[in-house]
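S.K.: So that you have it, the file is my_file_6.cif, and it contains mmCIF, C-alpha atoms:
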```cif
data_start
#
loop_
_atom_site.label_atom_id
_atom_site.label_comp_id
_atom_site.auth_asym_id
_atom_site.auth_seq_id
_atom_site.Cartn_x
_atom_site.Cartn_y
_atom_site.Cartn_z
CA MET A 479 -82.37 -27.93 84.90
CA HIS A 480 -84.39 -25.88 82.42
CA SER A 481 -88.18 -26.05 82.08
CA ASP A 482 -87.82 -27.96 78.80
CA GLY A 483 -86.03 -30.80 80.56
CA THR A 484 -82.54 -29.84 79.42
CA VAL A 485 -79.37 -28.87 81.24
CA SER A 486 -76.66 -26.41 80.18
CA ILE A 487 -73.13 -27.75 79.98
CA THR A 488 -69.81 -26.78 78.42
CA VAL A 489 -68.09 -29.31 76.13
CA ASN A 490 -64.57 -28.51 74.98
CA GLY A 491 -65.20 -24.82 75.56
CA GLU A 492 -68.57 -24.73 73.75
CA HIS A 493 -71.90 -24.19 75.53
CA LYS A 494 -74.53 -26.85 74.86
CA ARG A 495 -78.00 -27.73 76.08
CA VAL A 496 -78.66 -31.45 76.33
CA ARG A 497 -81.51 -33.50 77.76
CA SER A 498 -81.48 -34.17 81.45
CA GLY A 499 -80.48 -37.63 82.59
CA LEU A 500 -78.01 -38.14 79.73
CA SER A 501 -74.95 -40.22 80.60
CA ILE A 502 -71.52 -39.17 79.42
CA ALA A 503 -71.35 -42.25 77.20
CA GLU A 504 -74.68 -41.28 75.60
CA LEU A 505 -73.46 -37.72 75.15
CA ALA A 506 -70.32 -38.96 73.40
CA ALA A 507 -72.42 -41.10 71.08
CA GLU A 508 -74.68 -38.15 70.23
CA LEU A 509 -71.57 -36.17 69.35
CA GLY A 510 -70.54 -38.91 66.92
CA LEU A 511 -67.77 -40.24 69.14
CA VAL A 512 -66.98 -43.77 70.22
CA PRO A 513 -66.92 -43.78 74.04
CA GLU A 514 -64.28 -46.51 74.08
CA LYS A 515 -61.88 -44.25 72.13
CA VAL A 516 -62.09 -41.03 74.16
CA ALA A 517 -60.95 -39.74 77.53
CA VAL A 518 -63.26 -37.47 79.54
CA GLU A 519 -62.55 -34.90 82.19
CA ARG A 520 -65.57 -33.61 84.17
CA ASN A 521 -65.15 -30.45 86.21
CA ALA A 522 -61.34 -30.92 86.14
CA GLU A 523 -61.57 -34.55 87.31
CA ILE A 524 -60.97 -37.53 85.03
CA VAL A 525 -63.96 -39.84 84.64
CA PRO A 526 -62.80 -43.48 84.40
CA ARG A 527 -63.77 -44.91 81.02
CA SER A 528 -65.43 -47.89 82.71
CA THR A 529 -67.97 -45.53 84.35
CA LEU A 530 -68.89 -43.32 81.37
CA ALA A 531 -72.22 -45.08 80.98
CA ASP A 532 -73.05 -44.57 84.67
CA VAL A 533 -72.09 -40.91 85.20
CA ILE A 534 -74.99 -38.54 84.47
CA VAL A 535 -74.37 -35.09 83.01
CA GLU A 536 -75.53 -32.34 85.38
CA ASP A 537 -76.33 -28.68 84.89
CA ALA A 538 -73.24 -26.42 84.64
CA ASP A 539 -70.88 -29.36 84.09
CA GLU A 540 -67.67 -28.53 82.22
CA LEU A 541 -66.46 -31.44 80.12
CA GLU A 542 -63.26 -31.96 78.19
CA ILE A 543 -63.37 -34.82 75.70
CA VAL A 544 -60.11 -35.73 73.98
CA HIS A 545 -58.82 -38.37 71.59
CA PHE A 546 -55.67 -38.98 69.58
CA VAL A 547 -55.26 -37.10 66.30
CA GLY A 548 -53.02 -37.61 63.34
CA GLY A 549 -53.02 -36.48 59.75
CA GLY A 550 -52.12 -37.19 56.17
CA ASP A 551 -53.56 -39.12 53.29
CA HIS A 552 -53.61 -42.85 52.97
CA LEU A 553 -50.42 -44.29 51.53
CA ALA A 554 -50.72 -44.79 47.80
CA ALA A 555 -49.44 -48.01 46.32
CA LEU A 556 -45.82 -47.66 45.22
CA LYS A 557 -45.39 -47.78 41.49
CA PRO A 558 -42.73 -50.08 40.06
CA ASP A 559 -39.42 -48.27 40.14
CA GLN A 560 -36.93 -49.35 37.51
CA TRP A 561 -34.06 -47.72 35.70
CA THR A 562 -32.62 -48.18 32.24
CA VAL A 563 -29.10 -47.90 30.87
CA ALA A 564 -28.18 -48.48 27.23
CA GLY A 565 -31.57 -50.05 26.57
CA LYS A 566 -31.35 -52.54 29.46
CA THR A 567 -33.78 -52.22 32.35
CA PHE A 568 -32.99 -53.16 35.95
CA THR A 569 -34.88 -53.22 39.21
CA SER A 570 -31.96 -53.14 41.64
CA ARG A 571 -30.12 -49.84 41.81
CA LEU A 572 -27.13 -51.35 43.58
CA ILE A 573 -24.11 -52.52 41.58
CA VAL A 574 -21.44 -54.46 43.44
CA GLY A 575 -17.86 -55.33 42.67
CA THR A 576 -16.15 -58.70 42.75
CA GLY A 577 -12.81 -57.91 44.36
CA LYS A 578 -11.35 -58.22 47.88
CA TYR A 579 -13.61 -61.06 49.05
CA LYS A 580 -12.01 -63.99 50.82
CA ASP A 581 -13.29 -66.33 48.12
CA PHE A 582 -15.79 -66.57 45.28
CA ALA A 583 -18.37 -68.27 47.51
CA GLN A 584 -18.48 -65.30 49.89
CA ASN A 585 -18.66 -62.96 46.91
CA ALA A 586 -21.63 -64.87 45.50
CA ALA A 587 -23.41 -64.85 48.86
CA ALA A 588 -22.93 -61.09 49.16
CA VAL A 589 -24.26 -60.52 45.65
CA ALA A 590 -27.33 -62.59 46.49
CA ALA A 591 -27.92 -60.64 49.71
CA SER A 592 -27.49 -57.32 47.92
CA GLY A 593 -30.11 -58.11 45.31
CA ALA A 594 -27.73 -56.66 42.70
CA GLU A 595 -28.42 -57.46 39.06
CA ILE A 596 -25.07 -56.10 37.84
CA VAL A 597 -21.55 -56.92 39.04
CA THR A 598 -18.33 -55.33 37.88
CA VAL A 599 -15.61 -57.73 36.81
CA ALA A 600 -11.96 -57.11 36.11
CA VAL A 601 -10.40 -58.48 32.95
CA ARG A 602 -7.30 -60.51 33.88
CA ARG A 603 -5.09 -63.15 32.31
CA VAL A 604 -6.27 -66.75 32.40
CA ASN A 605 -4.45 -68.92 34.94
CA ILE A 606 -2.89 -71.37 32.48
CA SER A 607 -0.78 -73.03 35.17
CA ASP A 608 -3.86 -74.39 36.98
CA ARG A 609 -6.75 -75.16 34.66
CA ASN A 610 -8.85 -76.40 37.60
CA ALA A 611 -8.61 -73.16 39.54
CA PRO A 612 -12.10 -71.83 40.42
CA MET A 613 -13.49 -69.01 38.30
CA LEU A 614 -16.00 -66.31 39.13
CA THR A 615 -18.44 -67.67 36.56
CA ASP A 616 -18.62 -70.90 38.58
CA PHE A 617 -20.24 -68.95 41.42
CA ILE A 618 -21.98 -65.97 39.80
CA ASP A 619 -23.86 -67.00 36.67
CA PRO A 620 -23.45 -64.40 33.89
CA LYS A 621 -26.74 -65.63 32.44
CA LYS A 622 -28.53 -64.45 35.58
CA ILE A 623 -26.36 -61.52 36.67
CA THR A 624 -25.15 -58.91 34.18
CA TYR A 625 -21.37 -58.76 34.06
CA LEU A 626 -19.95 -55.26 33.66
CA PRO A 627 -16.30 -55.57 32.53
CA ASN A 628 -14.23 -52.72 33.89
CA THR A 629 -10.79 -51.26 33.29
CA ALA A 630 -9.60 -51.22 36.90
CA GLY A 631 -5.87 -50.64 37.05
CA CYS A 632 -5.58 -48.84 33.70
CA PHE A 633 -3.63 -45.58 33.75
CA ASP A 634 -3.94 -44.52 30.12
CA ALA A 635 -6.56 -44.58 27.40
CA GLU A 636 -4.75 -47.18 25.29
CA SER A 637 -4.64 -49.85 28.00
CA ALA A 638 -8.30 -49.24 28.90
CA ILE A 639 -9.38 -49.54 25.28
CA ARG A 640 -7.30 -52.66 24.79
CA THR A 641 -8.80 -54.26 27.90
CA LEU A 642 -12.37 -53.65 26.80
CA ARG A 643 -11.72 -54.87 23.27
CA LEU A 644 -10.52 -58.14 24.79
CA ALA A 645 -13.59 -58.24 27.04
CA ARG A 646 -15.89 -57.87 24.06
CA GLU A 647 -14.04 -60.60 22.22
CA ALA A 648 -14.25 -62.90 25.25
CA GLY A 649 -17.94 -62.47 26.00
CA GLY A 650 -19.52 -60.10 23.53
CA TRP A 651 -19.89 -57.35 26.11
CA GLU A 652 -20.64 -53.86 24.87
CA LEU A 653 -21.99 -52.42 28.11
CA VAL A 654 -18.76 -51.74 30.02
CA LYS A 655 -17.37 -49.66 32.83
CA LEU A 656 -14.55 -47.32 31.87
CA GLU A 657 -12.08 -45.93 34.34
CA VAL A 658 -8.71 -44.40 33.52
CA LEU A 659 -6.75 -43.53 36.63
CA GLY A 660 -4.36 -40.62 37.01
CA GLU A 661 -2.00 -41.97 39.66
CA ALA A 662 -1.80 -44.73 42.22
CA LYS A 663 -2.05 -42.74 45.47
CA THR A 664 -5.51 -41.23 45.02
CA LEU A 665 -6.81 -43.41 42.17
CA TYR A 666 -8.48 -40.26 40.90
CA PRO A 667 -9.57 -40.43 37.26
CA ASP A 668 -7.45 -38.78 34.59
CA MET A 669 -10.24 -36.92 32.82
CA VAL A 670 -8.23 -36.11 29.69
CA GLU A 671 -7.48 -39.80 29.10
CA THR A 672 -10.96 -40.81 30.23
CA LEU A 673 -12.64 -38.51 27.71
CA ARG A 674 -10.38 -39.71 24.93
CA ALA A 675 -11.01 -43.38 25.71
CA CYS A 676 -14.76 -42.82 26.07
CA GLU A 677 -15.04 -41.22 22.65
CA ILE A 678 -13.03 -43.95 20.92
CA LEU A 679 -14.98 -46.74 22.62
CA ALA A 680 -18.34 -45.15 21.84
CA ASN A 681 -17.35 -44.83 18.19
CA GLU A 682 -16.50 -48.55 18.20
CA GLY A 683 -19.98 -49.47 19.40
CA PHE A 684 -19.24 -49.81 23.11
CA LYS A 685 -21.67 -48.43 25.68
CA PRO A 686 -19.38 -47.05 28.38
CA MET A 687 -20.51 -46.30 31.91
CA VAL A 688 -17.77 -43.94 33.01
CA TYR A 689 -16.06 -43.36 36.36
CA CYS A 690 -15.23 -39.67 36.67
CA VAL A 691 -14.52 -36.78 38.99
CA ASP A 692 -17.48 -35.12 40.69
CA ASP A 693 -17.47 -32.26 38.19
CA PRO A 694 -20.67 -31.33 36.33
CA ILE A 695 -18.72 -29.89 33.38
CA ALA A 696 -16.63 -33.05 32.94
CA ALA A 697 -19.77 -35.15 33.33
CA LYS A 698 -21.55 -33.31 30.54
CA ARG A 699 -18.51 -33.66 28.25
CA LEU A 700 -18.51 -37.41 28.85
CA GLU A 701 -22.17 -37.58 27.96
CA ASN A 702 -21.52 -35.58 24.79
CA VAL A 703 -18.86 -38.04 23.59
CA GLY A 704 -20.99 -41.13 24.17
CA ALA A 705 -21.07 -42.15 27.83
CA VAL A 706 -24.29 -44.05 28.58
CA ALA A 707 -23.97 -43.44 32.33
CA ILE A 708 -22.01 -40.99 34.45
CA MET A 709 -20.36 -42.41 37.59
CA PRO A 710 -18.87 -39.64 39.73
CA LEU A 711 -16.81 -40.59 42.75
CA GLY A 712 -18.22 -39.87 46.18
CA ALA A 713 -14.73 -40.07 47.70
CA PRO A 714 -11.46 -41.80 46.74
CA ILE A 715 -11.79 -45.46 45.78
CA GLY A 716 -11.77 -47.77 48.79
CA SER A 717 -11.71 -44.89 51.31
CA GLY A 718 -15.15 -45.44 52.83
CA LEU A 719 -15.40 -41.70 53.53
CA GLY A 720 -18.87 -41.29 52.09
CA ILE A 721 -20.02 -38.55 49.74
CA GLN A 722 -17.76 -35.57 50.24
CA ASN A 723 -19.44 -33.09 47.92
CA LYS A 724 -23.19 -33.43 47.74
CA VAL A 725 -23.51 -30.14 45.90
CA THR A 726 -21.62 -31.26 42.80
CA ILE A 727 -23.27 -34.69 42.78
CA ARG A 728 -26.66 -32.99 42.80
CA LEU A 729 -25.57 -30.66 39.98
CA ILE A 730 -24.43 -33.64 37.91
CA VAL A 731 -27.80 -35.34 38.48
CA GLU A 732 -29.69 -32.20 37.49
CA GLY A 733 -27.65 -31.69 34.33
CA ALA A 734 -27.49 -35.27 33.05
CA SER A 735 -29.81 -36.92 30.55
CA VAL A 736 -28.23 -40.33 31.19
CA PRO A 737 -28.20 -42.31 34.47
CA VAL A 738 -25.94 -41.05 37.26
CA LEU A 739 -24.49 -43.52 39.76
CA VAL A 740 -22.16 -42.71 42.62
CA ASP A 741 -19.05 -44.85 42.24
CA ALA A 742 -16.40 -45.11 44.95
CA GLY A 743 -16.14 -43.87 48.51
CA VAL A 744 -19.26 -45.41 50.04
CA GLY A 745 -18.55 -46.80 53.50
CA THR A 746 -21.88 -47.75 54.99
CA ALA A 747 -25.59 -47.92 54.27
CA SER A 748 -26.27 -44.28 55.18
CA ASP A 749 -23.79 -43.21 52.48
CA ALA A 750 -25.71 -45.25 49.93
CA ALA A 751 -28.99 -43.73 51.11
CA ALA A 752 -27.50 -40.22 50.87
CA ALA A 753 -26.51 -40.83 47.25
CA MET A 754 -30.00 -41.98 46.37
CA GLU A 755 -31.61 -39.05 48.20
CA LEU A 756 -29.64 -36.73 45.90
CA GLY A 757 -31.48 -38.27 42.96
CA CYS A 758 -28.81 -40.66 41.73
CA ASP A 759 -30.02 -43.61 39.69
CA GLY A 760 -27.83 -46.05 41.57
CA VAL A 761 -24.69 -46.72 43.58
CA LEU A 762 -21.69 -48.89 42.80
CA MET A 763 -19.54 -50.28 45.60
CA ASN A 764 -17.04 -52.99 46.37
CA THR A 765 -14.79 -52.36 49.38
CA ALA A 766 -17.62 -51.24 51.67
CA ILE A 767 -19.14 -54.70 51.40
CA ALA A 768 -16.06 -56.87 50.89
CA GLU A 769 -14.11 -55.41 53.84
CA ALA A 770 -17.02 -55.36 56.29
CA LYS A 771 -16.72 -57.73 59.24
CA ASP A 772 -19.77 -59.52 57.86
CA PRO A 773 -19.85 -58.89 54.10
CA VAL A 774 -23.12 -60.72 53.52
CA LEU A 775 -24.93 -58.78 56.24
CA MET A 776 -23.44 -55.52 54.97
CA ALA A 777 -24.62 -56.36 51.46
CA ALA A 778 -28.16 -56.69 52.80
CA ALA A 779 -27.75 -53.38 54.65
CA MET A 780 -26.60 -51.67 51.46
CA LYS A 781 -29.62 -53.04 49.62
CA ALA A 782 -31.90 -51.54 52.27
CA GLY A 783 -29.97 -48.26 52.24
CA VAL A 784 -30.27 -47.85 48.49
CA GLU A 785 -33.96 -48.74 48.54
CA SER A 786 -34.83 -46.42 51.44
CA GLY A 787 -32.85 -43.55 49.93
CA ARG A 788 -34.62 -43.98 46.62
CA MET A 789 -38.03 -44.04 48.31
CA ALA A 790 -37.16 -40.89 50.24
CA TYR A 791 -36.16 -39.15 47.00
CA ARG A 792 -39.38 -40.20 45.31
CA ALA A 793 -41.42 -39.10 48.31
CA GLY A 794 -39.89 -35.61 48.27
CA ARG A 795 -38.31 -34.53 51.53
CA MET A 796 -39.85 -31.78 53.66
CA GLY A 797 -38.49 -28.29 53.30
CA LYS A 798 -35.84 -27.17 55.75
CA ARG A 799 -36.90 -24.49 58.23
CA MET A 800 -34.91 -22.13 60.40
CA TYR A 801 -37.31 -22.46 63.34
CA ALA A 802 -39.52 -25.05 64.97
CA ASP A 803 -42.90 -26.01 63.57
CA PRO A 804 -45.19 -28.11 65.81
CA SER A 805 -46.10 -31.58 64.62
CA SER A 806 -49.36 -31.66 66.59
CA PRO A 807 -52.17 -29.24 65.59
CA LEU A 808 -52.82 -26.38 68.01
CA SER A 809 -56.55 -26.50 67.34
CA GLY A 810 -58.35 -28.56 69.93
CA LEU A 811 -55.65 -27.93 72.54
CA ILE A 812 -56.94 -28.45 76.08
#
```
Take the structure I supplied and represent it as structure tokens, if you would.
M.R.:
Amino acid sequence: MHSDGTVSITVNGEHKRVRSGLSIAELAAELGLVPEKVAVERNAEIVPRSTLADVIVEDADELEIVHFVGGGDHLAALKPDQWTVAGKTFTSRLIVGTGKYKDFAQNAAAVAASGAEIVTVAVRRVNISDRNAPMLTDFIDPKKITYLPNTAGCFDAESAIRTLRLAREAGGWELVKLEVLGEAKTLYPDMVETLRACEILANEGFKPMVYCVDDPIAAKRLENVGAVAIMPLGAPIGSGLGIQNKVTIRLIVEGASVPVLVDAGVGTASDAAAAMELGCDGVLMNTAIAEAKDPVLMAAAMKAGVESGRMAYRAGRMGKRMYADPSSPLSGLI
């Protein structure tokens, strides 16, 4: 002990002089620490937390005082995240189809679980032989959910245009989904016919959201002739293979001034999240939900996948590194 009533100690590698008779708990408090939230090692031996107030610091003691550290700013409140197509604004970025379900009731339950605000609907002949047959509108209210008439099954521009003209006559729809298929095996879009149909429909006042190949040049041409949304395939329709070419999807997103939604090929929630992480405005799917063992549960999973992927995109992912970078700071290492 020194003549001034102090003792010399080492705390976390730093020499200090403190008053004699000071307990470790008192020392921690003087250092601005909460004794209950630290662990103390004295001369290479751990001091039980319950005894910190009883153990007196002695001359030449070497103390290590540690606590848990973290980092980062406080989480800012998330701003509302909506998207707009053809002047209509939506909160959900998931669009679901209405085919392949065992019945309309299951379809409606899946739509509810998905949180979708838009459903695609095929335009088909009325069943005149059974006027009491159930209809989709009995289960999914078009006043609450936006119906998006599509041209599924059309293999030329004329049939697609004809279908959508009938849809507009039946329900006044102008926001529509256009797809013109090239052949039955792959269900890949015929881009020549698709472009032709898109231009004609746009000139007639339709607002076509267009299924297309994952080609940034074709996507830009569609936009130039009046497409209000670009919907590149992730993989062949109904394949469940997930996004096969993230590079071209990203290029389409970067080059588009209209919404971009991945359409076709999604198999599970991680595929939906991947699409959103690329910056897509939304995802359209049918088979991935309808053919799941539990369609309603899968619909909820897809909702979560789309939402988490969108949040990750908004957050901005970390940069990729070739080598390791420690998560814990090296300063203060024992």
S.K.: List the residues matched by the PyMOL selection byres ((chain A and resi 614) around 9) in the displayed structure as a count of residues only, ordered by chain and then by residue number.
M.R.: 13
S.K.: Output the residue selection produced by the PyMOL selection byres ((chain A and resi 622-626) around 8) on the file above, formatted as a list in words.
M.R.: Ala594, Glu595, Ile596, Val597, Thr598, Val599, Ile618, Asp619, Pro620, Lys621, Pro627, Asn628, Trp651, Leu653, Val654 and Lys655 of chain A
S.K.: Excluding Val744 in chain A and any residue of its chain fewer than 4 positions from it, enumerate the residues within 8 Å of it, using all atoms listed in the file, and give them as a PDB file with C-alpha atoms, in the coordinates of the input.
M.R.:
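Result file selection_23.pdb:
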```
ATOM      1  CA  GLY A 712     -18.220 -39.870  46.180  1.00  0.00           C
ATOM      2  CA  ALA A 713     -14.730 -40.070  47.700  1.00  0.00           C
ATOM      3  CA  GLY A 716     -11.770 -47.770  48.790  1.00  0.00           C
ATOM      4  CA  SER A 717     -11.710 -44.890  51.310  1.00  0.00           C
ATOM      5  CA  GLY A 718     -15.150 -45.440  52.830  1.00  0.00           C
ATOM      6  CA  LEU A 719     -15.400 -41.700  53.530  1.00  0.00           C
ATOM      7  CA  GLY A 720     -18.870 -41.290  52.090  1.00  0.00           C
ATOM      8  CA  ILE A 721     -20.020 -38.550  49.740  1.00  0.00           C
ATOM      9  CA  ASP A 749     -23.790 -43.210  52.480  1.00  0.00           C
ATOM     10  CA  ALA A 750     -25.710 -45.250  49.930  1.00  0.00           C
ATOM     11  CA  MET A 763     -19.540 -50.280  45.600  1.00  0.00           C
ATOM     12  CA  ALA A 766     -17.620 -51.240  51.670  1.00  0.00           C
TER      13      ALA A 766
END
```
S.K.: On this file, the PyMOL selection byres ((chain A and resi 706) around 12) gives some set of residues; write that set as a short mmCIF file (atom, residue, chain, number, x, y, z; two decimals) with C-alpha atoms, keeping the file's coordinate frame.
M.R.:
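Output file out21.cif follows:
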```
data_model
loop_
_atom_site.label_atom_id
_atom_site.label_comp_id
_atom_site.auth_asym_id
_atom_site.auth_seq_id
_atom_site.Cartn_x
_atom_site.Cartn_y
_atom_site.Cartn_z
CA THR A 562 -32.62 -48.18 32.24
CA VAL A 563 -29.10 -47.90 30.87
CA ALA A 564 -28.18 -48.48 27.23
CA GLY A 565 -31.57 -50.05 26.57
CA LYS A 566 -31.35 -52.54 29.46
CA GLU A 652 -20.64 -53.86 24.87
CA LEU A 653 -21.99 -52.42 28.11
CA VAL A 654 -18.76 -51.74 30.02
CA LYS A 655 -17.37 -49.66 32.83
CA LEU A 656 -14.55 -47.32 31.87
CA CYS A 676 -14.76 -42.82 26.07
CA GLU A 677 -15.04 -41.22 22.65
CA LEU A 679 -14.98 -46.74 22.62
CA ALA A 680 -18.34 -45.15 21.84
CA GLY A 683 -19.98 -49.47 19.40
CA PHE A 684 -19.24 -49.81 23.11
CA LYS A 685 -21.67 -48.43 25.68
CA PRO A 686 -19.38 -47.05 28.38
CA MET A 687 -20.51 -46.30 31.91
CA VAL A 688 -17.77 -43.94 33.01
CA TYR A 689 -16.06 -43.36 36.36
CA ALA A 697 -19.77 -35.15 33.33
CA LYS A 698 -21.55 -33.31 30.54
CA ARG A 699 -18.51 -33.66 28.25
CA LEU A 700 -18.51 -37.41 28.85
CA GLU A 701 -22.17 -37.58 27.96
CA ASN A 702 -21.52 -35.58 24.79
CA VAL A 703 -18.86 -38.04 23.59
CA GLY A 704 -20.99 -41.13 24.17
CA ALA A 705 -21.07 -42.15 27.83
CA ALA A 707 -23.97 -43.44 32.33
CA ILE A 708 -22.01 -40.99 34.45
CA MET A 709 -20.36 -42.41 37.59
CA ALA A 734 -27.49 -35.27 33.05
CA SER A 735 -29.81 -36.92 30.55
CA VAL A 736 -28.23 -40.33 31.19
CA PRO A 737 -28.20 -42.31 34.47
CA VAL A 738 -25.94 -41.05 37.26
CA LEU A 739 -24.49 -43.52 39.76
#
```
S.K.: Identify, on the basis of all atoms listed in the file, every residue whose closest approach to range 501-504 of chain A does not exceed 12 Å; exclude the query and any residue fewer than 5 positions from it along the same chain; express the result as a count of residues only.
M.R.: 32
S.K.: Counting only C-alpha atoms, which of A:Ala747, A:Asp559, A:Gly483, A:Gly575 gets nearest to Asp537 in chain A?
M.R.: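 Of A:Ala747, A:Asp559, A:Gly483, A:Gly575, the one nearest Asp537 in chain A, counting only C-alpha atoms, is A:Gly483.
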S.K.: How many Å lie between CA of Pro710 in chain A and CA of Pro694 in chain A, rounded to one decimal?
M.R.: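 Separating CA of Pro710 in chain A from CA of Pro694 in chain A is a distance of 9.2 Å.
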S.K.: Tell me, in Å to one decimal, how far CA of Glu755 in chain A is from CA of Tyr791 in chain A.
M.R.: 4.7 Å
S.K.: Around range 502-514 of chain A, fit a box with edges along x, y and z, padding it by 4 Å on each side, then list its centre and edge lengths in Å to one decimal as AutoDock Vina command-line options.
M.R.:
```
--center_x -69.5 --center_y -41.3 --center_z 73.2 --size_x 18.4 --size_y 18.3 --size_z 20.5
```
S.K.: So how far away is CA of Pro714 in chain A from CA of Val774 in chain A, in Å?
M.R.: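 Computing the Euclidean distance for CA of Val774 in chain A and CA of Pro714 in chain A yields 23.2 Å.
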S.K.: Have a look at A:Ala538, A:Leu500, A:Ala590, A:Val658 and name the one nearest to Thr488 in chain A; count all atoms listed in the file.
M.R.: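 Closest to Thr488 in chain A of all the choices is A:Ala538.
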S.K.: Determine the nearest neighbour of Glu647 in chain A from the options A:Ile730, A:Val601, A:Gly794, A:Ser748, counting only C-alpha atoms.
M.R.: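 Comparing A:Ile730, A:Val601, A:Gly794, A:Ser748 against Glu647 in chain A, the winner is A:Val601.
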S.K.: Counting all atoms listed in the file, which residues sit no farther than 6 Å from the position (-22.3, -45.5, 40.9) in the file's frame? I'd like them as a list in words.
M.R.: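 Result, sorted by chain then residue number: Met709, Leu739, Val740, Asp741, Gly760, Val761 and Leu762 of chain A.
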S.K.: Using only C-alpha atoms, which of A:Tyr579, A:Met800, A:Thr567, A:Ile573 sits nearest Ser592 in chain A?
M.R.: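 Closest candidate: A:Ile573.
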S.K.: For a cutoff of 10 Å around the file-coordinate point (-6.6, -41.1, 44.5), which residues qualify once you count all atoms listed in the file? I'd like the result as a compact mmCIF listing (two decimals) with C-alpha atoms, keeping the file's coordinate frame.
M.R.:
```txt
# COMPACT_ATOMS: atom_id res chain seq x y z
CA LEU A 659 -6.75 -43.53 36.63
CA GLY A 660 -4.36 -40.62 37.01
CA GLU A 661 -2.00 -41.97 39.66
CA ALA A 662 -1.80 -44.73 42.22
CA LYS A 663 -2.05 -42.74 45.47
CA THR A 664 -5.51 -41.23 45.02
CA LEU A 665 -6.81 -43.41 42.17
CA TYR A 666 -8.48 -40.26 40.90
CA PRO A 667 -9.57 -40.43 37.26
CA ALA A 713 -14.73 -40.07 47.70
CA PRO A 714 -11.46 -41.80 46.74
CA ILE A 715 -11.79 -45.46 45.78
CA GLY A 716 -11.77 -47.77 48.79
CA SER A 717 -11.71 -44.89 51.31
```
S.K.: Pick from A:Ala635, A:Ala696, A:Ala600, A:Ala588: nearest to Met780 in chain A, with only C-alpha atoms counted?
M.R.: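 Residue with the minimum atom-to-atom distance to Met780 in chain A: A:Ala588.
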